[in-house]
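Here is input23.cif, consisting of mmCIF, C-alpha atoms, pLDDT in the B column; chains and numbers go by the auth columns:
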data_final
#
loop_
_atom_site.group_PDB
_atom_site.id
_atom_site.type_symbol
_atom_site.label_atom_id
_atom_site.label_comp_id
_atom_site.label_asym_id
_atom_site.label_seq_id
_atom_site.Cartn_x
_atom_site.Cartn_y
_atom_site.Cartn_z
_atom_site.B_iso_or_equiv
_atom_site.auth_seq_id
_atom_site.auth_asym_id
ATOM 1 C CA MET A 1 6.890 55.977 44.614 61.00 1 A
ATOM 2 C CA ILE A 2 7.475 59.298 46.377 63.00 2 A
ATOM 3 C CA ILE A 3 5.209 62.237 45.466 61.00 3 A
ATOM 4 C CA GLY A 4 5.758 65.556 47.185 58.00 4 A
ATOM 5 C CA GLY A 5 7.969 63.884 49.777 62.00 5 A
ATOM 6 C CA LYS A 6 5.262 61.365 50.737 63.00 6 A
ATOM 7 C CA PRO A 7 5.234 57.678 49.819 64.00 7 A
ATOM 8 C CA THR A 8 2.339 57.009 47.442 69.00 8 A
ATOM 9 C CA ASN A 9 1.053 53.728 46.105 75.00 9 A
ATOM 10 C CA PRO A 10 0.212 53.839 42.362 76.00 10 A
ATOM 11 C CA GLY A 11 -2.643 51.434 43.178 82.00 11 A
ATOM 12 C CA GLU A 12 -4.384 54.390 44.847 85.00 12 A
ATOM 13 C CA LEU A 13 -5.127 55.767 41.353 91.00 13 A
ATOM 14 C CA ARG A 14 -8.380 53.809 41.225 92.00 14 A
ATOM 15 C CA THR A 15 -11.096 56.373 40.533 95.00 15 A
ATOM 16 C CA LYS A 16 -11.832 56.924 36.842 97.00 16 A
ATOM 17 C CA ILE A 17 -12.462 60.525 35.826 97.00 17 A
ATOM 18 C CA THR A 18 -12.979 62.216 32.482 97.00 18 A
ATOM 19 C CA LEU A 19 -11.175 65.439 31.633 97.00 19 A
ATOM 20 C CA LEU A 20 -13.153 67.793 29.406 96.00 20 A
ATOM 21 C CA GLU A 21 -12.447 71.057 27.637 94.00 21 A
ATOM 22 C CA ARG A 22 -15.013 73.779 27.161 91.00 22 A
ATOM 23 C CA ASP A 23 -16.077 74.498 23.588 89.00 23 A
ATOM 24 C CA VAL A 24 -18.826 76.301 21.711 87.00 24 A
ATOM 25 C CA ALA A 25 -20.907 74.430 19.146 84.00 25 A
ATOM 26 C CA VAL A 26 -22.738 76.307 16.416 85.00 26 A
ATOM 27 C CA GLU A 27 -26.266 75.074 15.721 84.00 27 A
ATOM 28 C CA ALA A 28 -28.528 75.725 12.743 83.00 28 A
ATOM 29 C CA GLY A 29 -29.193 79.406 12.368 83.00 29 A
ATOM 30 C CA GLY A 30 -25.777 80.280 13.799 83.00 30 A
ATOM 31 C CA PHE A 31 -26.801 79.900 17.441 85.00 31 A
ATOM 32 C CA GLN A 32 -23.828 79.235 19.720 85.00 32 A
ATOM 33 C CA VAL A 33 -24.281 76.585 22.397 84.00 33 A
ATOM 34 C CA PRO A 34 -21.726 75.756 25.125 85.00 34 A
ATOM 35 C CA ASP A 35 -20.327 72.240 24.780 88.00 35 A
ATOM 36 C CA LEU A 36 -17.788 69.973 26.498 92.00 36 A
ATOM 37 C CA LEU A 37 -15.301 67.847 24.553 93.00 37 A
ATOM 38 C CA THR A 38 -13.458 64.872 26.046 95.00 38 A
ATOM 39 C CA ILE A 39 -9.696 65.293 26.413 96.00 39 A
ATOM 40 C CA ALA A 40 -9.009 61.972 28.166 96.00 40 A
ATOM 41 C CA GLU A 41 -10.304 59.372 30.603 97.00 41 A
ATOM 42 C CA VAL A 42 -7.739 58.795 33.356 96.00 42 A
ATOM 43 C CA TRP A 43 -7.339 57.053 36.701 96.00 43 A
ATOM 44 C CA SER A 44 -7.042 59.298 39.742 95.00 44 A
ATOM 45 C CA LYS A 45 -6.589 59.253 43.475 94.00 45 A
ATOM 46 C CA TRP A 46 -9.793 61.083 44.467 95.00 46 A
ATOM 47 C CA VAL A 47 -9.972 62.575 47.967 92.00 47 A
ATOM 48 C CA ASN A 48 -12.961 64.584 49.174 91.00 48 A
ATOM 49 C CA VAL A 49 -11.940 67.532 51.310 76.00 49 A
ATOM 50 C CA HIS A 50 -12.317 66.998 55.056 63.00 50 A
ATOM 51 C CA GLY A 51 -11.151 68.456 58.359 54.00 51 A
ATOM 52 C CA SER A 52 -9.581 71.911 58.367 53.00 52 A
ATOM 53 C CA GLU A 53 -9.515 71.988 54.549 55.00 53 A
ATOM 54 C CA ALA A 54 -13.309 71.784 54.600 50.00 54 A
ATOM 55 C CA TRP A 55 -13.486 74.937 56.721 47.00 55 A
ATOM 56 C CA VAL A 56 -11.219 76.807 54.310 53.00 56 A
ATOM 57 C CA ALA A 57 -13.241 75.592 51.319 50.00 57 A
ATOM 58 C CA SER A 58 -16.513 76.688 52.891 53.00 58 A
ATOM 59 C CA SER A 59 -15.075 80.170 53.490 50.00 59 A
ATOM 60 C CA ILE A 60 -14.747 80.605 49.713 51.00 60 A
ATOM 61 C CA GLN A 61 -18.148 78.992 49.034 54.00 61 A
ATOM 62 C CA ALA A 62 -16.595 75.933 47.355 54.00 62 A
ATOM 63 C CA GLU A 63 -19.289 73.273 47.056 73.00 63 A
ATOM 64 C CA SER A 64 -18.170 69.618 47.235 80.00 64 A
ATOM 65 C CA PRO A 65 -14.427 70.384 47.066 90.00 65 A
ATOM 66 C CA ALA A 66 -11.998 67.537 46.349 93.00 66 A
ATOM 67 C CA THR A 67 -8.454 66.762 45.231 93.00 67 A
ATOM 68 C CA ALA A 68 -7.592 64.482 42.310 95.00 68 A
ATOM 69 C CA LEU A 69 -4.069 63.208 41.732 94.00 69 A
ATOM 70 C CA ILE A 70 -3.407 62.014 38.170 94.00 70 A
ATOM 71 C CA ARG A 71 -0.431 61.179 35.990 93.00 71 A
ATOM 72 C CA TRP A 72 0.895 64.167 34.050 93.00 72 A
ATOM 73 C CA LEU A 73 -1.162 65.251 31.059 93.00 73 A
ATOM 74 C CA ASP A 74 -0.216 68.181 28.805 92.00 74 A
ATOM 75 C CA GLY A 75 -2.809 70.802 27.994 90.00 75 A
ATOM 76 C CA LEU A 76 -4.715 70.919 31.281 94.00 76 A
ATOM 77 C CA ASP A 77 -5.582 74.305 32.740 93.00 77 A
ATOM 78 C CA THR A 78 -8.234 75.862 34.963 94.00 78 A
ATOM 79 C CA SER A 79 -10.627 76.221 32.023 93.00 79 A
ATOM 80 C CA CYS A 80 -10.958 72.421 31.850 95.00 80 A
ATOM 81 C CA VAL A 81 -13.721 70.461 33.589 95.00 81 A
ATOM 82 C CA VAL A 82 -13.533 67.154 35.477 97.00 82 A
ATOM 83 C CA GLN A 83 -16.350 64.612 35.308 96.00 83 A
ATOM 84 C CA LYS A 84 -16.644 61.977 38.039 96.00 84 A
ATOM 85 C CA GLY A 85 -19.666 59.784 37.459 94.00 85 A
ATOM 86 C CA ASP A 86 -22.457 62.157 36.475 93.00 86 A
ATOM 87 C CA GLN A 87 -21.067 65.110 38.477 94.00 87 A
ATOM 88 C CA LEU A 88 -19.050 67.938 36.901 95.00 88 A
ATOM 89 C CA TYR A 89 -16.272 69.796 38.725 95.00 89 A
ATOM 90 C CA GLU A 90 -14.362 72.926 37.767 94.00 90 A
ATOM 91 C CA ILE A 91 -10.611 72.999 38.330 94.00 91 A
ATOM 92 C CA VAL A 92 -9.663 75.624 40.907 92.00 92 A
ATOM 93 C CA SER A 93 -5.901 75.015 40.790 93.00 93 A
ATOM 94 C CA LEU A 94 -3.282 72.678 39.350 95.00 94 A
ATOM 95 C CA ASP A 95 0.000 71.623 40.966 94.00 95 A
ATOM 96 C CA ASN A 96 2.785 70.010 38.953 92.00 96 A
ATOM 97 C CA ILE A 97 4.086 67.840 41.806 88.00 97 A
ATOM 98 C CA GLY A 98 7.782 68.546 42.361 85.00 98 A
ATOM 99 C CA GLU A 99 7.934 70.385 39.010 88.00 99 A
ATOM 100 C CA ARG A 100 8.792 66.992 37.451 87.00 100 A
ATOM 101 C CA SER A 101 5.850 66.708 35.012 88.00 101 A
ATOM 102 C CA GLU A 102 5.094 63.186 36.272 89.00 102 A
ATOM 103 C CA TYR A 103 1.978 63.789 38.392 91.00 103 A
ATOM 104 C CA ILE A 104 -0.437 66.677 38.675 94.00 104 A
ATOM 105 C CA GLU A 105 -2.779 67.471 41.554 94.00 105 A
ATOM 106 C CA LEU A 106 -6.113 69.070 40.712 95.00 106 A
ATOM 107 C CA LYS A 107 -8.094 71.003 43.313 94.00 107 A
ATOM 108 C CA VAL A 108 -11.720 70.946 42.182 94.00 108 A
ATOM 109 C CA LYS A 109 -15.168 72.094 43.277 92.00 109 A
ATOM 110 C CA LYS A 110 -18.653 71.292 42.032 91.00 110 A
ATOM 111 C CA TRP A 111 -19.370 73.091 38.761 84.00 111 A
ATOM 112 C CA GLN A 112 -22.638 74.839 38.102 76.00 112 A
ATOM 113 C CA PRO A 113 -22.683 75.646 34.350 68.00 113 A
ATOM 114 C CA GLY A 114 -24.171 78.910 33.314 62.00 114 A
#
If you convert what's in this file into structure tokens, what do you get?
Amino acid sequence: MIIGGKPTNPGELRTKITLLERDVAVEAGGFQVPDLLTIAEVWSKWVNVHGSEAWVASSIQAESPATALIRWLDGLDTSCVVQKGDQLYEIVSLDNIGERSEYIELKVKKWQPG
């Protein structure tokens, strides 16, 4: 398969991630508490940033930046959160590869809630 003009092997989508949306739960007494709800568990091609991209990421104070390539999924935006293992990442940008709505590339960085 060709993605963005580069040959890509679908077998490279081998890292499982969970896509979450931010929500607010209401506890007893009407207290609002931030919450995360699962949108989907998907397979991704996960690449930690390295080389010159690492220098650019550090200039904007992005901690643990990475790129995740996944099959297209409606409803994702930069308010969503990515979970890989026990680590949470915020989505910095999304790229609909080739504007074909087949694959989407997520640029992420470590998320510090609060």
Practice prompt. Pull out every residue that the PyMOL selection byres ((chain A and resi 42) around 6) matches in the shown coordinates and put them as a VMD selection string.
Written response: chain A and resid 16 to 17 41 43
Please write the residues picked by the PyMOL selection byres ((chain A and resi 102) around 12) on this file as a PDB file with C-alpha atoms, in the coordinates of the input.
ATOM      1  CA  MET A   1       6.890  55.977  44.614  1.00 61.00           C
ATOM      2  CA  ILE A   2       7.475  59.298  46.377  1.00 63.00           C
ATOM      3  CA  ILE A   3       5.209  62.237  45.466  1.00 61.00           C
ATOM      4  CA  GLY A   4       5.758  65.556  47.185  1.00 58.00           C
ATOM      5  CA  LEU A  69      -4.069  63.208  41.732  1.00 94.00           C
ATOM      6  CA  ILE A  70      -3.407  62.014  38.170  1.00 94.00           C
ATOM      7  CA  ARG A  71      -0.431  61.179  35.990  1.00 93.00           C
ATOM      8  CA  TRP A  72       0.895  64.167  34.050  1.00 93.00           C
ATOM      9  CA  LEU A  73      -1.162  65.251  31.059  1.00 93.00           C
ATOM     10  CA  ASP A  74      -0.216  68.181  28.805  1.00 92.00           C
ATOM     11  CA  ASP A  95       0.000  71.623  40.966  1.00 94.00           C
ATOM     12  CA  ASN A  96       2.785  70.010  38.953  1.00 92.00           C
ATOM     13  CA  ILE A  97       4.086  67.840  41.806  1.00 88.00           C
ATOM     14  CA  GLY A  98       7.782  68.546  42.361  1.00 85.00           C
ATOM     15  CA  GLU A  99       7.934  70.385  39.010  1.00 88.00           C
ATOM     16  CA  ARG A 100       8.792  66.992  37.451  1.00 87.00           C
ATOM     17  CA  SER A 101       5.850  66.708  35.012  1.00 88.00           C
ATOM     18  CA  TYR A 103       1.978  63.789  38.392  1.00 91.00           C
ATOM     19  CA  ILE A 104      -0.437  66.677  38.675  1.00 94.00           C
ATOM     20  CA  GLU A 105      -2.779  67.471  41.554  1.00 94.00           C
TER      21      GLU A 105
END
Report as JSON the centre and the edge lengths, in Å to one decimal, of the axis-aligned box holding every listed atom of range 9-25 of chain A, padded by 3 Å on each side.
{"center_x": -9.9, "center_y": 63.9, "center_z": 32.6, "size_x": 28.0, "size_y": 30.9, "size_z": 33.0}
Item to complete: Please write the residues picked by the PyMOL selection byres ((chain A and resi 81) around 6) on this file as a ChimeraX atom specification.
Response: /A:19-20,80,82,89-90
Discussion item. As an exercise, work out the distance from CA of Thr78 in chain A to CA of Gln112 in chain A in Å and give it to one decimal place.
Written reply: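 Between these atoms lies a distance of 14.8 Å.
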Practice prompt. Please provide the set of residues having any atom within 8 Å of Lys110 in chain A, restricted to all atoms listed in the file, with same-chain residues fewer than 4 positions apart removed, written as a PyMOL selection string.
Written response: chain A and resi 62-65+87-90
Some atoms are absent from range 84-95 of chain A, so rebuild all heavy atoms and return them as a short mmCIF file (atom, residue, chain, number, x, y, z; two decimals), in the frame of the given file.
data_model
loop_
_atom_site.label_atom_id
_atom_site.label_comp_id
_atom_site.auth_asym_id
_atom_site.auth_seq_id
_atom_site.Cartn_x
_atom_site.Cartn_y
_atom_site.Cartn_z
N LYS A 84 -16.74 63.18 37.22
CA LYS A 84 -16.64 61.98 38.04
C LYS A 84 -18.06 61.43 38.15
O LYS A 84 -18.92 62.06 38.76
CB LYS A 84 -16.07 62.28 39.42
CG LYS A 84 -15.97 61.07 40.31
CD LYS A 84 -15.43 61.46 41.68
CE LYS A 84 -15.49 60.28 42.61
NZ LYS A 84 -16.44 60.47 43.68
N GLY A 85 -18.29 60.30 37.52
CA GLY A 85 -19.67 59.78 37.46
C GLY A 85 -20.50 60.74 36.64
O GLY A 85 -20.13 61.11 35.53
N ASP A 86 -21.62 61.20 37.20
CA ASP A 86 -22.46 62.16 36.48
C ASP A 86 -22.29 63.58 36.99
O ASP A 86 -23.01 64.48 36.59
CB ASP A 86 -23.93 61.74 36.52
CG ASP A 86 -24.47 61.68 37.94
OD1 ASP A 86 -23.70 61.84 38.90
OD2 ASP A 86 -25.69 61.46 38.08
N GLN A 87 -21.31 63.80 37.88
CA GLN A 87 -21.07 65.11 38.48
C GLN A 87 -19.92 65.82 37.78
O GLN A 87 -18.89 65.22 37.49
CB GLN A 87 -20.75 64.97 39.97
CG GLN A 87 -20.58 66.28 40.69
CD GLN A 87 -21.83 67.14 40.61
OE1 GLN A 87 -22.90 66.72 41.02
NE2 GLN A 87 -21.71 68.33 40.08
N LEU A 88 -20.10 67.12 37.51
CA LEU A 88 -19.05 67.94 36.90
C LEU A 88 -18.39 68.81 37.95
O LEU A 88 -19.05 69.34 38.85
CB LEU A 88 -19.64 68.82 35.80
CG LEU A 88 -20.23 68.09 34.59
CD1 LEU A 88 -20.90 69.09 33.65
CD2 LEU A 88 -19.16 67.30 33.86
N TYR A 89 -17.07 68.98 37.82
CA TYR A 89 -16.27 69.80 38.72
C TYR A 89 -15.42 70.75 37.91
O TYR A 89 -14.87 70.38 36.88
CB TYR A 89 -15.34 68.92 39.57
CG TYR A 89 -16.05 68.00 40.53
CD1 TYR A 89 -16.53 66.76 40.11
CD2 TYR A 89 -16.24 68.36 41.85
CE1 TYR A 89 -17.18 65.91 40.98
CE2 TYR A 89 -16.89 67.51 42.73
CZ TYR A 89 -17.35 66.30 42.28
OH TYR A 89 -18.00 65.46 43.16
N GLU A 90 -15.28 71.99 38.40
CA GLU A 90 -14.36 72.93 37.77
C GLU A 90 -13.03 72.85 38.49
O GLU A 90 -12.97 72.59 39.70
CB GLU A 90 -14.90 74.35 37.76
CG GLU A 90 -15.06 74.99 39.10
CD GLU A 90 -15.60 76.41 39.00
OE1 GLU A 90 -14.92 77.26 38.39
OE2 GLU A 90 -16.68 76.65 39.54
N ILE A 91 -11.95 73.04 37.75
CA ILE A 91 -10.61 73.00 38.33
C ILE A 91 -10.29 74.37 38.91
O ILE A 91 -10.33 75.38 38.22
CB ILE A 91 -9.57 72.60 37.28
CG1 ILE A 91 -9.87 71.20 36.73
CG2 ILE A 91 -8.16 72.66 37.87
CD1 ILE A 91 -8.98 70.77 35.58
N VAL A 92 -10.00 74.38 40.21
CA VAL A 92 -9.66 75.62 40.91
C VAL A 92 -8.17 75.90 40.79
O VAL A 92 -7.76 77.04 40.58
CB VAL A 92 -10.08 75.54 42.39
CG1 VAL A 92 -9.68 76.78 43.15
CG2 VAL A 92 -11.58 75.30 42.51
N SER A 93 -7.35 74.85 40.92
CA SER A 93 -5.90 75.02 40.79
C SER A 93 -5.27 73.70 40.36
O SER A 93 -5.84 72.63 40.54
CB SER A 93 -5.28 75.50 42.11
OG SER A 93 -5.35 74.49 43.09
N LEU A 94 -4.06 73.83 39.80
CA LEU A 94 -3.28 72.68 39.35
C LEU A 94 -1.90 72.78 40.00
O LEU A 94 -1.35 73.87 40.10
CB LEU A 94 -3.09 72.70 37.83
CG LEU A 94 -4.36 72.73 37.00
CD1 LEU A 94 -4.33 73.89 36.05
CD2 LEU A 94 -4.47 71.45 36.24
N ASP A 95 -1.34 71.64 40.39
CA ASP A 95 0.00 71.62 40.97
C ASP A 95 0.82 70.53 40.29
O ASP A 95 0.52 69.35 40.44
CB ASP A 95 -0.08 71.38 42.48
CG ASP A 95 1.27 71.42 43.16
OD1 ASP A 95 2.25 71.90 42.55
OD2 ASP A 95 1.36 70.96 44.32
#
